[in-house]
Amino acid sequence: MDTRDKFSVAIVGGGIGGLALAVALAKTGAAFQVDIYESTVSFGEIGAGIGLWPRVWDTMKILGLEEDLKSSSTNLGEDGRMIYHKCDQADSEPVFCGQAKQSMKTFHRAEFLKILEKHIPLKFRTHFSKRLVSYDDSAPSPITLYFTDGTTAECDILIGADGLRSAVRRTLFTGLATKALDQSQAAAYQRCVEATWSGVVTYRALVPAEAFKAEYPDHPAVLSPICYFGKGKAVISYPVSQGRMINTVVLVYKQGQRGTTYEGPWVTQADEGEIAAQFAEWNPQVLGLIKVMKGSFKWAVHEVRELPTFASGRVALLGDAAHAMTPHLASGAGQAVEDGLILASLLAQQETQKDTIQYALEVYSEVRRPFTKHIQDLSFQLGEIVWLESPRMRHYTADDSAAGKIPQSELDALVADDSTNLQKWAWTTTSAEDGELAIQKIKAKASGHASTAAMHVR
């Protein structure tokens with residue numbers, strides 16, 4: 001039984017990360033008052049498809065989402081593993097390079113979000129059209145939230161799940177910068193405020209499967225997840241919405257641009273001719289997918305890298321606000337869900353009292369920050385593999401690749417060895433292990449806090 005005073009938790013951002021945290025808080029059974037603040041008029045996700053690796057699927061089971069998600073997931077058959085084809089040789093068949101060692105479960109993002117929303121208790125309050133400007137965390141008073149419409153709200157704990165352009169992250173690191181010991185440290189904190197360009201541009205679209213099959217009845221993308229790749233570019237597709245749609249993502253890498261500022265809007269309507277022109281010399285299987293990408297959007301993929309902490313005071317960051325990553329490992333959404341599971345578990349511990357909230361958030365940062373940084377790095381490295389820019393392939397030019405001069409043995413090793421080594425964490429580790437570590441840490445911190453308090457009393 002939870003004997004503590006009720007905590008008020010404000011979640012800023014109603015995307016996958018924010019709603020997953022709300023579901024996780026509800027599952028703990030602890031006495032939380034939860035308010036979710038979403039900047040738009042309803043819950044919704046920008047994007048199309050989402051993939052869940054076995055590790056993240058285990059997290060879904062812990063959250064009690066398995067059965068509902070099963071009804072929405074796409075059945076990819078007994079062997080729904082990603083197939084890799086090198087396809088930048090126009091005059092040849094796609095060069096088969098292997099298959100991933102494990103499969104993912106795939107979903108339409110909007111359908112996935114609806115299932116999360118379904119599991120949020122009615123007692124948790126939702127507030128739409130609430131865009132955060134900043135907050136004031138002046139303990140022991142409650143945290144005050146300031147919104148663009150001039151209203152304010154209060155809470156005991158603030159969680160920023162507000163994405164790439166997070167107002168919570170901006171306020172947190174601007175505040176740390178003003179308290180920095182020197183100009184160098186202040187500048188380092190200020191660099192954490194803005195997301196940076198990964199050097200990757202993507203074009204995303206959902207393709208109706210029936211229409212695609214009518215035009216290309218034998219195309220492998222109808223039934224299987226597939227990655228077509230070549231020097232500096234890739235096209236990835238997989239079925240979603242129980243096979244009714246095909247999620248298609250075109251990726252173009254601008255070498256040497258990671259960490260720079262992107263000039264122009266981050267998301268725009270795509271020019272279909274612009275996409276096709278970049279793949280004009282590729283295999284017809286790729287051109288067929290690109291041809292049916294109607295109404296697609298162009299995204300400049302940004303990252304939030306190497307934050308020194310995910311928490312300060314009674315405030316923490318979650319999901320893209322803390323560790324936005326490239327899409328190559330299909331792990332951004334899954335890592336946001338894991339953030340929510342571990343954070344909720346820490347807040348539900350009896351050791352987490354109103355005067356020790358910061359310890360729980362410190363442990364959350366200590367456990368999640370190194371792991372998500374590792375996954376972020378692996379995701380970019382997997383991108384380098386499919387762009388043929390990894391250490392194994394870097395010395396080959398675009399002309400070499402188009403002329404078929406890369407040995408088949410090296411292409412096979414690229415998938416069987418290099419790619420597998422980057423992905424195997426997704427089926428050989430569990431979030432439960434991290435959760436146990438987090439609980440051990442909070443108990444140790446609480447014990448230390450109690451000992452210190454007792455010394456002060458004496």
# chains A, B, ... in the order shown; residues from 1 in each chain; ligands from 1

$ closest_atom_pairs --of "stretch 32-142 of chain A" --to "stretch 12-24 of chain A" --cutoff "9 Å" --atoms "only C-alpha atoms" --output "Markdown table"
| residue | atom | partner | partner_atom | distance |
| --- | --- | --- | --- | --- |
| A:Val34 | CA | A:Ala22 | CA | 7.5 |
| A:Asp35 | CA | A:Val12 | CA | 8.4 |
| A:Ile36 | CA | A:Val12 | CA | 6.0 |
| A:Tyr37 | CA | A:Val12 | CA | 4.9 |
| A:Glu38 | CA | A:Gly13 | CA | 4.9 |
| A:Ser39 | CA | A:Gly13 | CA | 7.1 |
| A:Thr40 | CA | A:Gly14 | CA | 8.8 |
| A:Ser42 | CA | A:Gly14 | CA | 8.5 |
| A:Phe43 | CA | A:Gly14 | CA | 5.8 |
| A:Gly44 | CA | A:Gly15 | CA | 6.5 |
| A:Glu45 | CA | A:Gly15 | CA | 6.0 |
| A:Ile46 | CA | A:Gly15 | CA | 8.9 |
| A:Ile62 | CA | A:Ala24 | CA | 9.0 |
| A:Leu63 | CA | A:Ala24 | CA | 6.2 |
| A:Arg109 | CA | A:Ile16 | CA | 8.5 |
| A:Phe112 | CA | A:Ile16 | CA | 8.1 |
| A:Leu113 | CA | A:Ile16 | CA | 6.1 |
| A:Leu116 | CA | A:Leu19 | CA | 6.2 |
| A:Glu117 | CA | A:Leu19 | CA | 6.6 |
| A:His119 | CA | A:Val23 | CA | 6.1 |
| A:Ile120 | CA | A:Val23 | CA | 5.4 |
| A:Pro121 | CA | A:Val23 | CA | 8.0 |
| A:Phe124 | CA | A:Ala22 | CA | 8.1 |
| A:Thr126 | CA | A:Gly14 | CA | 8.9 |
| A:Lys130 | CA | A:Val12 | CA | 8.7 |
| A:Arg131 | CA | A:Val12 | CA | 8.4 |
| A:Leu132 | CA | A:Val12 | CA | 7.5 |

$ select_by_dssp --residues "stretch 81-269 of chain A" --states "strand (DSSP E)" --output "number ranges by chain"
A: 81-86, 95-103, 105-108, 125-127, 132-136, 143-147, 152-155, 157-160, 196-208, 226-230, 233-240, 245-253, 267-269

$ residues_around --residues "A:Gly288" --least-positions-apart "5" --cutoff "12 Å" --atoms "only C-alpha atoms" --output "PyMOL selection string"
chain A and resi 207+212-213+215-222+235+248+276+279-280+282-283+293

$ residues_around --residues "A:Glu362" --least-positions-apart "4" --cutoff "8 Å" --atoms "only C-alpha atoms" --output "list in words"
Phe310, Ala311, Ser312, Gln358 and Glu366 of chain A

$ write_last_selection --atoms "all heavy atoms" --output "mmCIF file, in the first residue's frame"
data_model
loop_
_atom_site.group_PDB
_atom_site.id
_atom_site.type_symbol
_atom_site.label_atom_id
_atom_site.label_comp_id
_atom_site.auth_asym_id
_atom_site.auth_seq_id
_atom_site.Cartn_x
_atom_site.Cartn_y
_atom_site.Cartn_z
ATOM 1 N N PHE A 310 19.801 14.010 -17.743
ATOM 2 C CA PHE A 310 18.401 14.033 -18.163
ATOM 3 C C PHE A 310 17.524 14.691 -17.107
ATOM 4 O O PHE A 310 16.303 14.753 -17.274
ATOM 5 C CB PHE A 310 17.877 12.613 -18.398
ATOM 6 C CG PHE A 310 18.364 11.942 -19.650
ATOM 7 C CD1 PHE A 310 18.011 10.626 -19.933
ATOM 8 C CD2 PHE A 310 19.173 12.609 -20.561
ATOM 9 C CE1 PHE A 310 18.440 9.996 -21.085
ATOM 10 C CE2 PHE A 310 19.624 11.984 -21.721
ATOM 11 C CZ PHE A 310 19.257 10.669 -21.972
ATOM 12 N N ALA A 311 18.125 15.148 -16.005
ATOM 13 C CA ALA A 311 17.312 15.657 -14.902
ATOM 14 C C ALA A 311 18.029 16.778 -14.161
ATOM 15 O O ALA A 311 19.260 16.822 -14.093
ATOM 16 C CB ALA A 311 16.972 14.532 -13.933
ATOM 17 N N SER A 312 17.229 17.679 -13.597
ATOM 18 C CA SER A 312 17.745 18.739 -12.724
ATOM 19 C C SER A 312 16.628 19.119 -11.761
ATOM 20 O O SER A 312 15.511 19.420 -12.190
ATOM 21 C CB SER A 312 18.181 19.961 -13.539
ATOM 22 O OG SER A 312 18.619 20.999 -12.691
ATOM 23 N N GLN A 358 14.235 14.452 -6.269
ATOM 24 C CA GLN A 358 15.415 14.674 -7.109
ATOM 25 C C GLN A 358 16.304 13.437 -7.155
ATOM 26 O O GLN A 358 16.971 13.179 -8.160
ATOM 27 C CB GLN A 358 16.217 15.873 -6.620
ATOM 28 C CG GLN A 358 16.917 15.676 -5.283
ATOM 29 C CD GLN A 358 17.617 16.931 -4.830
ATOM 30 O OE1 GLN A 358 16.973 17.902 -4.432
ATOM 31 N NE2 GLN A 358 18.935 16.919 -4.903
ATOM 32 N N GLU A 366 20.975 8.473 -14.387
ATOM 33 C CA GLU A 366 22.163 7.620 -14.297
ATOM 34 C C GLU A 366 21.987 6.304 -15.056
ATOM 35 O O GLU A 366 22.925 5.794 -15.671
ATOM 36 C CB GLU A 366 22.477 7.318 -12.832
ATOM 37 C CG GLU A 366 23.011 8.497 -12.040
ATOM 38 C CD GLU A 366 23.066 8.206 -10.547
ATOM 39 O OE1 GLU A 366 22.863 7.024 -10.167
ATOM 40 O OE2 GLU A 366 23.316 9.140 -9.766
#

$ residues_around --residues "A:Ile226" --least-positions-apart "4" --cutoff "7 Å" --atoms "only C-alpha atoms" --output "list in words"
Met82, Ile83, Tyr84, Ala221, Ile236, Ser237 and Tyr238 of chain A

$ select_by_dssp --residues "stretch 14-122 of chain A" --states "alpha helix (DSSP H)" --output "PyMOL selection string"
chain A and resi 16-28+54-62+66-72+109-118

$ atom_distance --atom1 "atom CA of A:Leu414" --atom2 "atom CA of A:Ala333"
25.6 Å

$ closest_residue --among "A:Gly404, A:Pro284, A:Gly98, A:Gly160" --to "A:Ser419" --atoms "only C-alpha atoms"
A:Gly98

$ closest_residue --among "A:Lys233, A:His374, A:Arg55, A:Arg258" --to "A:Ser431" --atoms "only C-alpha atoms"
A:Arg55

$ residues_around --residues "A:Ala205" --least-positions-apart "6" --cutoff "7 Å" --atoms "only C-alpha atoms" --output "NGL selection string"
:A and (48 or 247-249 or 293-297)

$ atom_distance --atom1 "atom CA of A:Ile275" --atom2 "atom CA of A:Lys86"
18.2 Å

$ closest_residue --among "A:Lys231, A:Lys118, A:Val304, A:Ser103" --to "A:Ser166" --atoms "only C-alpha atoms"
A:Val304

$ residues_around --residues "A:Val56" --least-positions-apart "5" --cutoff "12 Å" --atoms "only C-alpha atoms" --output "ChimeraX atom specification"
/A:50-51,61-63,65-66,104-106,330-341,425-432

$ write_last_selection --atoms "C-alpha atoms" --output "compact mmCIF listing (two decimals), in the first residue's frame"
# COMPACT_ATOMS: atom_id res chain seq x y z
CA ILE A 50 6.99 2.11 -35.89
CA GLY A 51 8.92 -1.08 -35.21
CA LYS A 61 3.99 -7.08 -21.86
CA ILE A 62 5.04 -5.53 -18.55
CA LEU A 63 2.76 -2.56 -19.28
CA LEU A 65 -0.40 -3.75 -23.70
CA GLU A 66 0.40 -7.04 -25.41
CA MET A 104 10.32 -6.67 -35.39
CA LYS A 105 6.63 -6.15 -34.83
CA THR A 106 5.43 -3.25 -36.96
CA ALA A 330 13.97 1.71 -35.37
CA SER A 331 14.47 2.40 -31.67
CA GLY A 332 13.48 5.99 -30.89
CA ALA A 333 9.92 5.17 -29.87
CA GLY A 334 10.94 2.01 -28.05
CA GLN A 335 13.52 3.85 -25.98
CA ALA A 336 10.94 6.49 -25.05
CA VAL A 337 8.65 3.72 -23.77
CA GLU A 338 11.51 2.24 -21.73
CA ASP A 339 12.21 5.69 -20.27
CA GLY A 340 8.61 5.81 -19.06
CA LEU A 341 8.67 2.32 -17.56
CA TRP A 425 21.21 -5.83 -27.91
CA ALA A 426 17.56 -5.75 -29.03
CA TRP A 427 17.07 -9.46 -28.36
CA THR A 428 19.85 -10.30 -25.87
CA THR A 429 19.09 -7.68 -23.19
CA THR A 430 15.95 -6.65 -21.29
CA SER A 431 14.63 -3.42 -19.82
CA ALA A 432 13.77 -5.42 -16.68

$ closest_residue --among "A:Pro94, A:Gly243, A:Gly435, A:Gly64" --to "A:Ala344" --atoms "only C-alpha atoms"
A:Gly435

$ atom_distance --atom1 "atom CA of A:Gln376" --atom2 "atom CA of A:Val201"
16.8 Å

$ closest_residue --among "A:Met245, A:Leu52, A:Cys97, A:Ile357" --to "A:Lys445" --atoms "only C-alpha atoms"
A:Ile357
